[in-house]
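A.B. asks: What follows is query-v5.cif, mmCIF, C-alpha atoms and all ligand atoms.
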```
data_work
#
loop_
_atom_site.group_PDB
_atom_site.id
_atom_site.type_symbol
_atom_site.label_atom_id
_atom_site.label_comp_id
_atom_site.auth_asym_id
_atom_site.auth_seq_id
_atom_site.Cartn_x
_atom_site.Cartn_y
_atom_site.Cartn_z
ATOM 1 C CA MET A 96 69.098 87.846 87.072
ATOM 2 C CA THR A 97 71.445 90.669 86.214
ATOM 3 C CA ASP A 98 74.783 89.001 86.899
ATOM 4 C CA ARG A 99 74.664 86.977 83.688
ATOM 5 C CA PRO A 100 76.658 88.239 80.750
ATOM 6 C CA SER A 101 74.491 89.374 77.903
ATOM 7 C CA ALA A 102 74.629 87.330 74.714
ATOM 8 C CA GLY A 103 77.842 88.058 72.860
ATOM 9 C CA GLU A 104 79.702 89.183 75.965
ATOM 10 C CA GLU A 105 82.553 86.912 77.019
ATOM 11 C CA PRO A 106 84.229 86.854 80.415
ATOM 12 C CA ALA A 107 88.024 86.998 80.647
ATOM 13 C CA GLY A 108 88.507 83.269 81.237
ATOM 14 C CA PRO A 109 87.019 80.147 82.729
ATOM 15 C CA GLY A 110 86.254 80.189 86.406
ATOM 16 C CA PRO A 111 83.797 78.670 88.824
ATOM 17 C CA SER A 112 80.304 78.587 87.355
ATOM 18 C CA ALA A 113 78.340 81.525 88.791
ATOM 19 C CA GLY A 114 75.011 79.777 88.345
ATOM 20 C CA GLY A 115 75.671 79.170 84.670
ATOM 21 C CA ARG A 116 75.380 75.820 82.939
ATOM 22 C CA VAL A 117 75.447 74.013 79.642
ATOM 23 C CA VAL A 118 72.224 72.285 78.606
ATOM 24 C CA LEU A 119 72.046 69.827 75.709
ATOM 25 C CA VAL A 120 68.576 70.036 74.172
ATOM 26 C CA GLY A 121 67.063 67.329 71.980
ATOM 27 C CA THR A 122 65.126 68.642 68.974
ATOM 28 C CA PRO A 123 62.782 66.903 66.490
ATOM 29 C CA ILE A 124 64.128 64.476 63.878
ATOM 30 C CA GLY A 125 61.303 65.368 61.515
ATOM 31 C CA ASN A 126 58.100 66.043 63.374
ATOM 32 C CA LEU A 127 57.875 69.446 65.042
ATOM 33 C CA GLY A 128 55.361 68.021 67.503
ATOM 34 C CA ASP A 129 58.296 66.247 69.165
ATOM 35 C CA LEU A 130 59.878 69.399 70.615
ATOM 36 C CA SER A 131 59.053 68.946 74.290
ATOM 37 C CA PRO A 132 57.608 71.705 76.482
ATOM 38 C CA ARG A 133 60.784 71.579 78.579
ATOM 39 C CA ALA A 134 62.929 72.002 75.453
ATOM 40 C CA GLN A 135 60.817 75.006 74.416
ATOM 41 C CA GLU A 136 61.204 76.481 77.886
ATOM 42 C CA ILE A 137 64.991 76.221 77.948
ATOM 43 C CA LEU A 138 65.285 77.568 74.402
ATOM 44 C CA GLN A 139 63.124 80.498 75.482
ATOM 45 C CA GLN A 140 65.235 81.181 78.573
ATOM 46 C CA ALA A 141 68.807 80.417 77.453
ATOM 47 C CA ASP A 142 71.239 83.323 77.250
ATOM 48 C CA VAL A 143 73.133 81.632 74.430
ATOM 49 C CA ILE A 144 72.048 78.925 71.987
ATOM 50 C CA CYS A 145 74.855 76.977 70.319
ATOM 51 C CA CYS A 146 73.705 75.304 67.125
ATOM 52 C CA GLU A 147 75.100 73.545 64.084
ATOM 53 C CA ASP A 148 73.348 75.721 61.530
ATOM 54 C CA THR A 149 72.032 79.083 62.677
ATOM 55 C CA ARG A 150 69.487 79.260 59.824
ATOM 56 C CA ARG A 151 67.942 75.911 60.735
ATOM 57 C CA THR A 152 67.773 76.730 64.401
ATOM 58 C CA ARG A 153 66.339 80.172 63.705
ATOM 59 C CA ALA A 154 63.581 78.473 61.659
ATOM 60 C CA LEU A 155 62.908 75.966 64.471
ATOM 61 C CA LEU A 156 62.658 78.727 67.077
ATOM 62 C CA SER A 157 60.456 80.787 64.811
ATOM 63 C CA ALA A 158 58.048 77.837 64.371
ATOM 64 C CA PHE A 159 57.511 77.985 68.134
ATOM 65 C CA GLY A 160 57.388 81.773 68.364
ATOM 66 C CA ILE A 161 60.676 81.855 70.279
ATOM 67 C CA PRO A 162 62.787 84.898 69.414
ATOM 68 C CA ALA A 163 66.363 84.023 68.451
ATOM 69 C CA GLY A 164 67.608 87.580 68.992
ATOM 70 C CA SER A 165 71.393 87.633 69.030
ATOM 71 C CA ARG A 166 71.622 84.436 71.072
ATOM 72 C CA LEU A 167 72.643 82.000 68.303
ATOM 73 C CA ARG A 168 76.268 80.819 68.055
ATOM 74 C CA ALA A 169 77.500 78.417 65.383
ATOM 75 C CA LEU A 170 79.073 75.286 66.855
ATOM 76 C CA HIS A 171 79.712 72.679 64.206
ATOM 77 C CA ALA A 172 82.242 70.072 63.130
ATOM 78 C CA HIS A 173 84.609 72.719 61.723
ATOM 79 C CA ASN A 174 84.837 75.058 64.731
ATOM 80 C CA GLU A 175 83.831 72.709 67.514
ATOM 81 C CA ALA A 176 86.840 73.098 69.829
ATOM 82 C CA ALA A 177 87.041 76.901 69.734
ATOM 83 C CA ALA A 178 83.257 77.390 69.858
ATOM 84 C CA ALA A 179 82.938 74.944 72.755
ATOM 85 C CA ASP A 180 85.624 76.773 74.736
ATOM 86 C CA ALA A 181 83.912 80.121 74.116
ATOM 87 C CA ALA A 182 80.543 78.695 75.176
ATOM 88 C CA VAL A 183 82.034 77.229 78.358
ATOM 89 C CA ARG A 184 83.600 80.601 79.225
ATOM 90 C CA GLN A 185 80.159 82.174 78.971
ATOM 91 C CA ALA A 186 78.601 79.455 81.133
ATOM 92 C CA ALA A 187 81.401 79.818 83.676
ATOM 93 C CA ALA A 188 80.480 83.489 83.976
ATOM 94 C CA GLY A 189 76.854 82.680 84.702
ATOM 95 C CA ALA A 190 75.175 82.195 81.321
ATOM 96 C CA THR A 191 72.753 79.388 80.542
ATOM 97 C CA VAL A 192 74.134 77.948 77.318
ATOM 98 C CA ALA A 193 71.790 75.658 75.383
ATOM 99 C CA MET A 194 73.179 73.393 72.668
ATOM 100 C CA VAL A 195 71.064 71.993 69.852
ATOM 101 C CA SER A 196 72.082 70.153 66.702
ATOM 102 C CA ASP A 197 70.256 70.199 63.376
ATOM 103 C CA ALA A 198 68.091 67.286 64.520
ATOM 104 C CA GLY A 199 67.816 64.859 67.384
ATOM 105 C CA MET A 200 70.183 64.632 70.303
ATOM 106 C CA PRO A 201 73.346 66.713 70.239
ATOM 107 C CA GLY A 202 76.346 64.429 70.746
ATOM 108 C CA ILE A 203 74.779 61.531 68.838
ATOM 109 C CA SER A 204 76.558 61.593 65.445
ATOM 110 C CA ASP A 205 76.407 65.368 65.907
ATOM 111 C CA PRO A 206 78.471 67.989 67.750
ATOM 112 C CA GLY A 207 77.930 68.129 71.494
ATOM 113 C CA GLU A 208 80.389 65.695 73.035
ATOM 114 C CA ARG A 209 83.239 68.197 72.962
ATOM 115 C CA LEU A 210 81.139 70.906 74.586
ATOM 116 C CA VAL A 211 80.243 68.553 77.429
ATOM 117 C CA ALA A 212 83.880 67.508 77.888
ATOM 118 C CA ALA A 213 84.997 71.159 77.961
ATOM 119 C CA ALA A 214 82.282 72.054 80.483
ATOM 120 C CA VAL A 215 83.158 69.097 82.704
ATOM 121 C CA ALA A 216 86.861 70.018 82.556
ATOM 122 C CA ALA A 217 86.042 73.601 83.566
ATOM 123 C CA GLY A 218 83.765 72.519 86.407
ATOM 124 C CA VAL A 219 80.672 73.950 84.694
ATOM 125 C CA PRO A 220 77.425 72.043 85.378
ATOM 126 C CA VAL A 221 75.960 70.143 82.439
ATOM 127 C CA ASP A 222 72.327 69.219 82.052
ATOM 128 C CA VAL A 223 70.234 67.632 79.310
ATOM 129 C CA VAL A 224 66.695 67.982 78.045
ATOM 130 C CA PRO A 225 66.236 64.646 76.266
ATOM 131 C CA GLY A 226 64.474 64.471 72.954
ATOM 132 C CA PRO A 227 64.155 62.217 69.918
ATOM 133 C CA ALA A 228 67.157 60.276 68.617
ATOM 134 C CA ALA A 229 66.891 58.341 65.361
ATOM 135 C CA ALA A 230 68.832 55.360 66.795
ATOM 136 C CA ILE A 231 66.483 54.667 69.691
ATOM 137 C CA THR A 232 63.403 55.383 67.616
ATOM 138 C CA ALA A 233 64.604 52.970 64.911
ATOM 139 C CA VAL A 234 65.639 50.128 67.208
ATOM 140 C CA VAL A 235 62.292 50.020 68.996
ATOM 141 C CA LEU A 236 60.405 50.218 65.700
ATOM 142 C CA SER A 237 62.519 47.555 64.012
ATOM 143 C CA GLY A 238 61.022 44.660 65.947
ATOM 144 C CA LEU A 239 64.541 43.293 66.472
ATOM 145 C CA PRO A 240 65.747 42.608 70.033
ATOM 146 C CA ALA A 241 66.200 45.933 71.817
ATOM 147 C CA GLY A 242 67.348 44.564 75.174
ATOM 148 C CA ARG A 243 71.036 44.759 74.242
ATOM 149 C CA TRP A 244 72.066 46.779 71.237
ATOM 150 C CA CYS A 245 75.035 48.578 69.832
ATOM 151 C CA PHE A 246 75.087 52.004 68.175
ATOM 152 C CA GLU A 247 77.578 52.158 65.304
ATOM 153 C CA GLY A 248 76.586 55.577 63.951
ATOM 154 C CA PHE A 249 77.999 56.061 60.438
ATOM 155 C CA LEU A 250 80.350 53.273 59.342
ATOM 156 C CA PRO A 251 83.769 54.388 58.079
ATOM 157 C CA ARG A 252 83.359 55.037 54.346
ATOM 158 C CA GLN A 253 86.124 52.778 53.066
ATOM 159 C CA GLY A 254 89.284 50.769 53.586
ATOM 160 C CA GLN A 255 90.478 48.714 56.497
ATOM 161 C CA ALA A 256 88.489 50.720 59.032
ATOM 162 C CA ARG A 257 85.230 49.881 57.238
ATOM 163 C CA ALA A 258 86.151 46.209 56.792
ATOM 164 C CA GLN A 259 87.025 45.871 60.486
ATOM 165 C CA ARG A 260 83.800 47.493 61.626
ATOM 166 C CA LEU A 261 81.725 45.268 59.311
ATOM 167 C CA ALA A 262 83.551 42.200 60.637
ATOM 168 C CA ALA A 263 82.756 43.286 64.211
ATOM 169 C CA VAL A 264 79.080 43.793 63.352
ATOM 170 C CA ALA A 265 79.000 40.313 61.782
ATOM 171 C CA VAL A 266 79.962 38.563 65.041
ATOM 172 C CA ASP A 267 78.209 40.848 67.520
ATOM 173 C CA GLU A 268 75.342 39.033 69.211
ATOM 174 C CA ARG A 269 73.627 42.341 69.953
ATOM 175 C CA THR A 270 71.375 44.227 67.556
ATOM 176 C CA THR A 271 73.381 46.904 65.718
ATOM 177 C CA VAL A 272 72.087 50.320 64.668
ATOM 178 C CA ILE A 273 73.750 52.085 61.739
ATOM 179 C CA TYR A 274 73.114 55.571 60.366
ATOM 180 C CA GLU A 275 73.404 55.977 56.610
ATOM 181 C CA SER A 276 72.777 58.512 53.883
ATOM 182 C CA PRO A 277 70.444 57.622 51.009
ATOM 183 C CA HIS A 278 73.392 57.781 48.563
ATOM 184 C CA ARG A 279 75.351 55.079 50.355
ATOM 185 C CA VAL A 280 72.670 52.848 51.816
ATOM 186 C CA ALA A 281 72.648 50.364 48.879
ATOM 187 C CA ARG A 282 76.374 49.773 49.208
ATOM 188 C CA THR A 283 76.192 49.472 52.974
ATOM 189 C CA LEU A 284 73.402 46.904 52.758
ATOM 190 C CA GLU A 285 75.402 44.886 50.228
ATOM 191 C CA ASP A 286 78.504 45.043 52.471
ATOM 192 C CA LEU A 287 76.394 43.943 55.445
ATOM 193 C CA ARG A 288 74.972 41.061 53.406
ATOM 194 C CA GLN A 289 78.469 39.906 52.523
ATOM 195 C CA ALA A 290 79.734 40.265 56.112
ATOM 196 C CA CYS A 291 76.717 38.846 57.956
ATOM 197 C CA GLY A 292 75.267 36.434 55.379
ATOM 198 C CA ASP A 293 72.091 36.475 53.279
ATOM 199 C CA ASP A 294 69.799 35.470 56.109
ATOM 200 C CA ARG A 295 70.739 37.932 58.838
ATOM 201 C CA PRO A 296 67.604 39.821 59.942
ATOM 202 C CA VAL A 297 67.655 43.476 58.878
ATOM 203 C CA ALA A 298 65.226 46.364 59.252
ATOM 204 C CA CYS A 299 65.504 49.474 57.098
ATOM 205 C CA VAL A 300 63.832 52.419 58.756
ATOM 206 C CA ARG A 301 63.443 55.674 56.891
ATOM 207 C CA GLU A 302 62.001 59.140 57.378
ATOM 208 C CA LEU A 303 61.199 58.517 61.049
ATOM 209 C CA THR A 304 58.417 60.662 62.489
ATOM 210 C CA LYS A 305 57.782 62.199 59.041
ATOM 211 C CA LEU A 306 54.881 61.861 56.648
ATOM 212 C CA HIS A 307 56.599 59.136 54.616
ATOM 213 C CA GLN A 308 57.954 57.097 57.500
ATOM 214 C CA GLU A 309 58.588 53.548 56.332
ATOM 215 C CA VAL A 310 59.919 50.349 57.887
ATOM 216 C CA TRP A 311 61.055 47.358 55.828
ATOM 217 C CA ARG A 312 61.785 44.148 57.718
ATOM 218 C CA GLY A 313 63.393 41.014 56.329
ATOM 219 C CA SER A 314 66.808 39.512 55.594
ATOM 220 C CA ALA A 315 70.075 41.118 54.502
ATOM 221 C CA ALA A 316 69.666 39.677 50.995
ATOM 222 C CA GLY A 317 66.050 40.861 50.873
ATOM 223 C CA ALA A 318 67.072 44.368 51.935
ATOM 224 C CA VAL A 319 69.600 44.575 49.089
ATOM 225 C CA ARG A 320 66.871 43.604 46.602
ATOM 226 C CA TRP A 321 64.324 45.961 48.158
ATOM 227 C CA VAL A 322 66.665 48.945 47.874
ATOM 228 C CA GLU A 323 67.453 48.018 44.248
ATOM 229 C CA ASP A 324 63.737 48.155 43.490
ATOM 230 C CA HIS A 325 63.042 51.284 45.587
ATOM 231 C CA PRO A 326 65.671 53.969 44.964
ATOM 232 C CA PRO A 327 66.479 55.282 48.451
ATOM 233 C CA ARG A 328 65.423 58.781 49.456
ATOM 234 C CA GLY A 329 65.293 60.605 52.754
ATOM 235 C CA GLU A 330 67.016 59.699 55.995
ATOM 236 C CA TRP A 331 67.866 56.107 56.837
ATOM 237 C CA VAL A 332 68.698 53.907 59.762
ATOM 238 C CA VAL A 333 69.709 50.290 59.184
ATOM 239 C CA VAL A 334 69.079 47.922 62.093
ATOM 240 C CA VAL A 335 70.896 44.582 61.946
ATOM 241 C CA GLY A 336 69.896 41.592 64.055
ATOM 242 C CA GLY A 337 72.602 40.076 66.268
ATOM 243 C CA ALA A 338 74.740 37.106 65.272
ATOM 244 C CA PRO A 339 73.361 33.782 66.511
ATOM 245 C CA PRO A 340 75.168 32.749 69.716
ATOM 246 C CA VAL A 341 78.091 30.454 69.037
ATOM 247 C CA SER A 342 77.378 27.130 70.726
ATOM 248 C CA VAL A 343 80.408 25.527 72.333
ATOM 249 C CA GLY A 344 80.386 21.763 72.081
ATOM 250 C CA ALA A 345 81.035 19.306 74.917
ATOM 251 C CA ASP A 346 84.377 18.246 73.405
ATOM 252 C CA ALA A 347 85.701 21.814 73.366
ATOM 253 C CA VAL A 348 84.715 22.289 77.016
ATOM 254 C CA ALA A 349 86.299 18.964 78.043
ATOM 255 C CA ASP A 350 89.510 19.758 76.123
ATOM 256 C CA ALA A 351 89.860 23.199 77.728
ATOM 257 C CA LEU A 352 89.131 21.806 81.181
ATOM 258 C CA GLY A 353 91.558 18.902 80.710
ATOM 259 C CA ALA A 354 94.298 21.320 79.631
ATOM 260 C CA ALA A 355 93.743 23.513 82.691
ATOM 261 C CA LEU A 356 93.774 20.528 85.079
ATOM 262 C CA ASP A 357 96.892 19.094 83.405
ATOM 263 C CA ALA A 358 98.555 22.460 83.950
ATOM 264 C CA GLY A 359 97.938 22.071 87.684
ATOM 265 C CA VAL A 360 95.053 24.526 88.075
ATOM 266 C CA ASP A 361 92.714 23.363 90.843
ATOM 267 C CA ARG A 362 89.309 22.134 89.723
ATOM 268 C CA ARG A 363 87.208 24.971 91.107
ATOM 269 C CA ARG A 364 89.423 27.591 89.469
ATOM 270 C CA ALA A 365 89.677 25.626 86.202
ATOM 271 C CA VAL A 366 85.889 25.439 85.924
ATOM 272 C CA ALA A 367 85.548 29.189 86.479
ATOM 273 C CA ASP A 368 88.332 29.990 83.987
ATOM 274 C CA VAL A 369 86.926 27.738 81.257
ATOM 275 C CA ALA A 370 83.389 29.072 81.744
ATOM 276 C CA ARG A 371 84.643 32.639 81.416
ATOM 277 C CA THR A 372 86.945 31.981 78.466
ATOM 278 C CA LEU A 373 84.458 29.949 76.427
ATOM 279 C CA LYS A 374 81.479 32.039 77.574
ATOM 280 C CA VAL A 375 79.517 28.974 78.684
ATOM 281 C CA PRO A 376 77.566 28.437 81.915
ATOM 282 C CA LYS A 377 79.628 27.071 84.847
ATOM 283 C CA ARG A 378 77.093 24.246 85.143
ATOM 284 C CA GLN A 379 78.118 23.002 81.667
ATOM 285 C CA VAL A 380 81.780 22.953 82.707
ATOM 286 C CA TYR A 381 81.017 21.194 86.030
ATOM 287 C CA ASP A 382 79.113 18.531 84.127
ATOM 288 C CA ALA A 383 82.152 18.057 81.860
ATOM 289 C CA ALA A 384 84.355 17.753 84.964
ATOM 290 C CA LEU A 385 82.080 15.122 86.465
ATOM 291 C CA ALA A 386 82.126 13.138 83.227
ATOM 292 C CA MET A 387 85.915 13.001 83.257
ATOM 293 C CA PRO A 388 87.628 9.775 84.295
ATOM 294 C CA TRP A 389 89.236 9.766 87.759
ATOM 295 C CA PRO A 390 91.742 11.217 88.791
ATOM 296 C CA ALA A 391 91.068 14.253 86.524
ATOM 297 C CA ARG A 392 87.809 14.916 88.353
HETATM 298 N N1 LIG A 401 71.643 63.644 66.277
HETATM 299 C C1 LIG A 401 70.809 62.799 65.454
HETATM 300 C C2 LIG A 401 70.109 61.774 66.345
HETATM 301 O O1 LIG A 401 69.985 62.023 67.553
HETATM 302 O O2 LIG A 401 69.660 60.756 65.857
HETATM 303 C C3 LIG A 401 71.595 62.148 64.347
HETATM 304 C C4 LIG A 401 72.225 63.114 63.401
HETATM 305 S S1 LIG A 401 73.127 62.366 62.107
HETATM 306 C C5 LIG A 401 74.040 63.721 61.477
HETATM 307 C C6 LIG A 401 71.949 62.189 60.826
HETATM 308 C C7 LIG A 401 71.583 60.733 60.580
HETATM 309 O O3 LIG A 401 70.653 60.307 61.557
HETATM 310 C C8 LIG A 401 70.893 60.524 59.250
HETATM 311 O O4 LIG A 401 71.832 60.321 58.200
HETATM 312 C C9 LIG A 401 70.084 59.272 59.504
HETATM 313 O O5 LIG A 401 70.901 58.123 59.420
HETATM 314 C C10 LIG A 401 69.678 59.485 60.971
HETATM 315 N N2 LIG A 401 68.393 60.185 61.036
HETATM 316 C C11 LIG A 401 68.154 61.429 61.500
HETATM 317 N N3 LIG A 401 66.842 61.725 61.397
HETATM 318 C C12 LIG A 401 66.238 60.646 60.864
HETATM 319 C C13 LIG A 401 64.902 60.329 60.504
HETATM 320 N N4 LIG A 401 63.901 61.198 60.654
HETATM 321 N N5 LIG A 401 64.642 59.107 59.984
HETATM 322 C C14 LIG A 401 65.636 58.201 59.822
HETATM 323 N N6 LIG A 401 66.913 58.461 60.120
HETATM 324 C C15 LIG A 401 67.218 59.653 60.643
#
```
Rewrite the coordinates I just gave you, this time as structure tokens.
Ligand code: SAM

C.D. replies:
Amino acid sequence: MTDRPSAGEEPAGPGPSAGGRVVLVGTPIGNLGDLSPRAQEILQQADVICCEDTRRTRALLSAFGIPAGSRLRALHAHNEAAAADAAVRQAAAGATVAMVSDAGMPGISDPGERLVAAAVAAGVPVDVVPGPAAAITAVVLSGLPAGRWCFEGFLPRQGQARAQRLAAVAVDERTTVIYESPHRVARTLEDLRQACGDDRPVACVRELTKLHQEVWRGSAAGAVRWVEDHPPRGEWVVVVGGAPPVSVGADAVADALGAALDAGVDRRRAVADVARTLKVPKRQVYDAALAMPWPAR
């Protein structure tokens, strides 16, 4: 165990990993009881701990009696590239480099992704100790379909980028999960109501895993009213139900099939193409083909 660099020591440059690695470690999103034994173990053993805010991470370690020593390195949105490169150099020389964010999973609306990319590019092994993430916790608690869902993170704050993202959410048939701050949640709910309609199912989930955890379930219009009546505090996730599937009528299928056949596409291929393009079952297109007058069929 002596060939690892001590914390603070940096090798000359990246090279093959001499037993070192980068480990992303999930930390609690509110409830300290959610720091797993494996997370505690790696935070105890790591040579270097990259973190967004050294004071917060020092407090977390201290709550578990884990000495921080001189192992903490700031890695946040403003120094991410340089700090990630430095951390990868240490891992390449044999150090175990843990990465935590202020809460939840690093890399999920938090720094982490760049560190992983830099490690992968340098051939340094990457591992993960999974922990809580507000998105997954919220989607399962929302009661909305969790079989297929889309993580939007924070929506762009304004302009075309925001409008486009809202328009995409409005037509997405999957459940969408959105992170939001308490200062902007009222506006975001109103924008979602306008984009998705009054009746779209919405769950507002706040202060997950904390004493004042709360889940409100209802419609987009209801959520706007609820937030007006209950000034938002704490941390929020908005979960939006998927758009109802667009049903394609028999006429549209017959028209598309007729156009393909008129263009000389053979029937088998035309059926497959129409089914794929209109996102309808092949059976529905075959039935349309059979209903067509000869010689089209
Ligand atoms: N890395 C974190 C994760 O894995 O979920 C997300 C960090 S992101 C900077 C912070 C946002 O996550 C908050 O604005 C909120 O939308 C959501 N969040 C984090 N903790 C939460 C909690 N306890 N309850 C509800 N939302 C939370």

A.B. asks: Mind pulling up the distance from CA of Leu303 in chain A to CA of Gln135 in chain A?

C.D. replies: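 If I compute the distance from CA of Gln135 in chain A to CA of Leu303 in chain A, I get 21.2 Å.
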
A.B. asks: Output the residue selection produced by the PyMOL selection byres (((chain A and resi 191) around 12) and not hetatm) on the file above, formatted as number ranges by chain.

C.D. replies: A: 96, 98-102, 112-119, 137-145, 166, 182-190, 192-194, 219-222

A.B. asks: Within 7 Å of ligand LIG 401 (chain A), which residues show up when you count only C-alpha atoms and all ligand atoms? List them as a PDB file with C-alpha atoms, in the coordinates of the input, please.

C.D. replies:
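Writing done, so here's part34.pdb:
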```pdb
ATOM      1  CA  ILE A 124      64.128  64.476  63.878  1.00  0.00           C
ATOM      2  CA  GLY A 125      61.303  65.368  61.515  1.00  0.00           C
ATOM      3  CA  SER A 196      72.082  70.153  66.702  1.00  0.00           C
ATOM      4  CA  ALA A 198      68.091  67.286  64.520  1.00  0.00           C
ATOM      5  CA  GLY A 199      67.816  64.859  67.384  1.00  0.00           C
ATOM      6  CA  MET A 200      70.183  64.632  70.303  1.00  0.00           C
ATOM      7  CA  PRO A 201      73.346  66.713  70.239  1.00  0.00           C
ATOM      8  CA  GLY A 202      76.346  64.429  70.746  1.00  0.00           C
ATOM      9  CA  ILE A 203      74.779  61.531  68.838  1.00  0.00           C
ATOM     10  CA  SER A 204      76.558  61.593  65.445  1.00  0.00           C
ATOM     11  CA  ASP A 205      76.407  65.368  65.907  1.00  0.00           C
ATOM     12  CA  PRO A 227      64.155  62.217  69.918  1.00  0.00           C
ATOM     13  CA  ALA A 228      67.157  60.276  68.617  1.00  0.00           C
ATOM     14  CA  ALA A 229      66.891  58.341  65.361  1.00  0.00           C
ATOM     15  CA  ALA A 230      68.832  55.360  66.795  1.00  0.00           C
ATOM     16  CA  TYR A 274      73.114  55.571  60.366  1.00  0.00           C
ATOM     17  CA  GLU A 275      73.404  55.977  56.610  1.00  0.00           C
ATOM     18  CA  SER A 276      72.777  58.512  53.883  1.00  0.00           C
ATOM     19  CA  VAL A 300      63.832  52.419  58.756  1.00  0.00           C
ATOM     20  CA  ARG A 301      63.443  55.674  56.891  1.00  0.00           C
ATOM     21  CA  GLU A 302      62.001  59.140  57.378  1.00  0.00           C
ATOM     22  CA  LEU A 303      61.199  58.517  61.049  1.00  0.00           C
ATOM     23  CA  THR A 304      58.417  60.662  62.489  1.00  0.00           C
ATOM     24  CA  LYS A 305      57.782  62.199  59.041  1.00  0.00           C
ATOM     25  CA  GLU A 330      67.016  59.699  55.995  1.00  0.00           C
ATOM     26  CA  TRP A 331      67.866  56.107  56.837  1.00  0.00           C
ATOM     27  CA  VAL A 332      68.698  53.907  59.762  1.00  0.00           C
TER      28      VAL A 332
END
```

A.B. asks: Hey, what comes out of the PyMOL selection byres (((chain A and resi 315) around 9) and not hetatm) on this file? Could you write it as a list in words?

C.D. replies: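 Against this file, the PyMOL selection byres (((chain A and resi 315) around 9) and not hetatm) returns the residues Leu284, Glu285, Leu287, Arg288, Gln289, Cys291, Gly292, Asp293, Asp294, Arg295, Pro296, Val297, Ala298, Gly313, Ser314, Ala316, Gly317, Ala318, Val319, Arg320 and Val335 of chain A.
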
A.B. asks: Can you tell me, as a list in words, what residues are no more than 12 Å from Ala154 in chain A when counting all atoms listed in the file, ignoring any on the same chain fewer than 6 positions away?

C.D. replies: Leu127, Cys146, Asp148, Gly160, Ile161, Pro162, Ala163, Leu167 and Asp197 of chain A

A.B. asks: Rank nothing, just name the residue among A:Gly344, A:Gly218, A:Pro132, A:Gly336 nearest to Ser237 in chain A, using all atoms listed in the file.

C.D. replies: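 Closest residue, counting all atoms listed in the file: A:Gly336.
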
A.B. asks: Between CA of Leu373 in chain A and CA of Ala262 in chain A, what is the distance, to one decimal in Å?

C.D. replies: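 Separation of CA of Leu373 in chain A and CA of Ala262 in chain A: 20.0 Å.
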
A.B. asks: Identify, on the basis of all atoms listed in the file, every residue whose closest approach to Ala176 in chain A does not exceed 9 Å; exclude the query and any residue fewer than 3 positions from it along the same chain; express the result as a list in words.

C.D. replies: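 Neighbouring residues, sequence-local ones excluded: Leu170, Ala172, His173, Ala179, Asp180, Ala181, Arg209, Leu210 and Ala213 of chain A.
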
A.B. asks: So which residues touch Pro340 in chain A within 12 Å, counting only C-alpha atoms, skipping near sequence neighbours fewer than 5 positions away, as number ranges by chain?

C.D. replies: A: 265-269, 373-375

A.B. asks: As a check of understanding, name the residues that the PyMOL selection byres (((chain A and resi 382) around 12) and not hetatm) selects in the supplied structure, as a PyMOL selection string.

C.D. replies: chain A and resi 345-346+348-349+352+366+370+375-381+383-387+392

A.B. asks: Just to confirm, what's the straight-line distance from CA of Arg151 in chain A to CA of Ala169 in chain A in Å (one decimal)?

C.D. replies: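 Atom-to-atom, CA of Arg151 in chain A to CA of Ala169 in chain A, that is 10.9 Å.
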
A.B. asks: Restricting the calculation to all atoms listed in the file: of A:Ala214, A:Ala178, A:Val264, A:Leu306, which residue gets closest to Glu147 in chain A?

C.D. replies: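 When distances to Glu147 in chain A are compared using all atoms listed in the file, the smallest one comes from A:Ala178.
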
A.B. asks: If you count only C-alpha atoms, which residues fall within 10 Å of Gly242 in chain A, apart from same-chain ones fewer than 6 positions away, as a PyMOL selection string?

C.D. replies: chain A and resi 234-235+269-270

A.B. asks: Would you mind telling me which residue in A:Pro388, A:Ser165, A:Val224, A:Arg282 lies nearest to Glu323 in chain A when using only C-alpha atoms?

C.D. replies: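 Of all the options, A:Arg282 lies closest to Glu323 in chain A.
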
A.B. asks: Using all atoms listed in the file, which residues sit within 10 Å of His278 in chain A once same-chain residues fewer than 6 positions away are excluded, as a list in words?

C.D. replies: Pro326, Pro327, Arg328, Gly329 and Glu330 of chain A

A.B. asks: Convert the current residue selection to file output with C-alpha atoms, as a short mmCIF file (atom, residue, chain, number, x, y, z; two decimals), keeping the file's coordinate frame.

C.D. replies:
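Writing the result to part-v1.cif gives the following:
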```cif
data_model
loop_
_atom_site.label_atom_id
_atom_site.label_comp_id
_atom_site.auth_asym_id
_atom_site.auth_seq_id
_atom_site.Cartn_x
_atom_site.Cartn_y
_atom_site.Cartn_z
CA PRO A 326 65.67 53.97 44.96
CA PRO A 327 66.48 55.28 48.45
CA ARG A 328 65.42 58.78 49.46
CA GLY A 329 65.29 60.60 52.75
CA GLU A 330 67.02 59.70 56.00
#
```

A.B. asks: Using all atoms listed in the file, which residue out of A:Gly238, A:Val223, A:Leu356, A:Thr372 lies closest to Arg312 in chain A?

C.D. replies: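 Closest to Arg312 in chain A of all the choices is A:Gly238.
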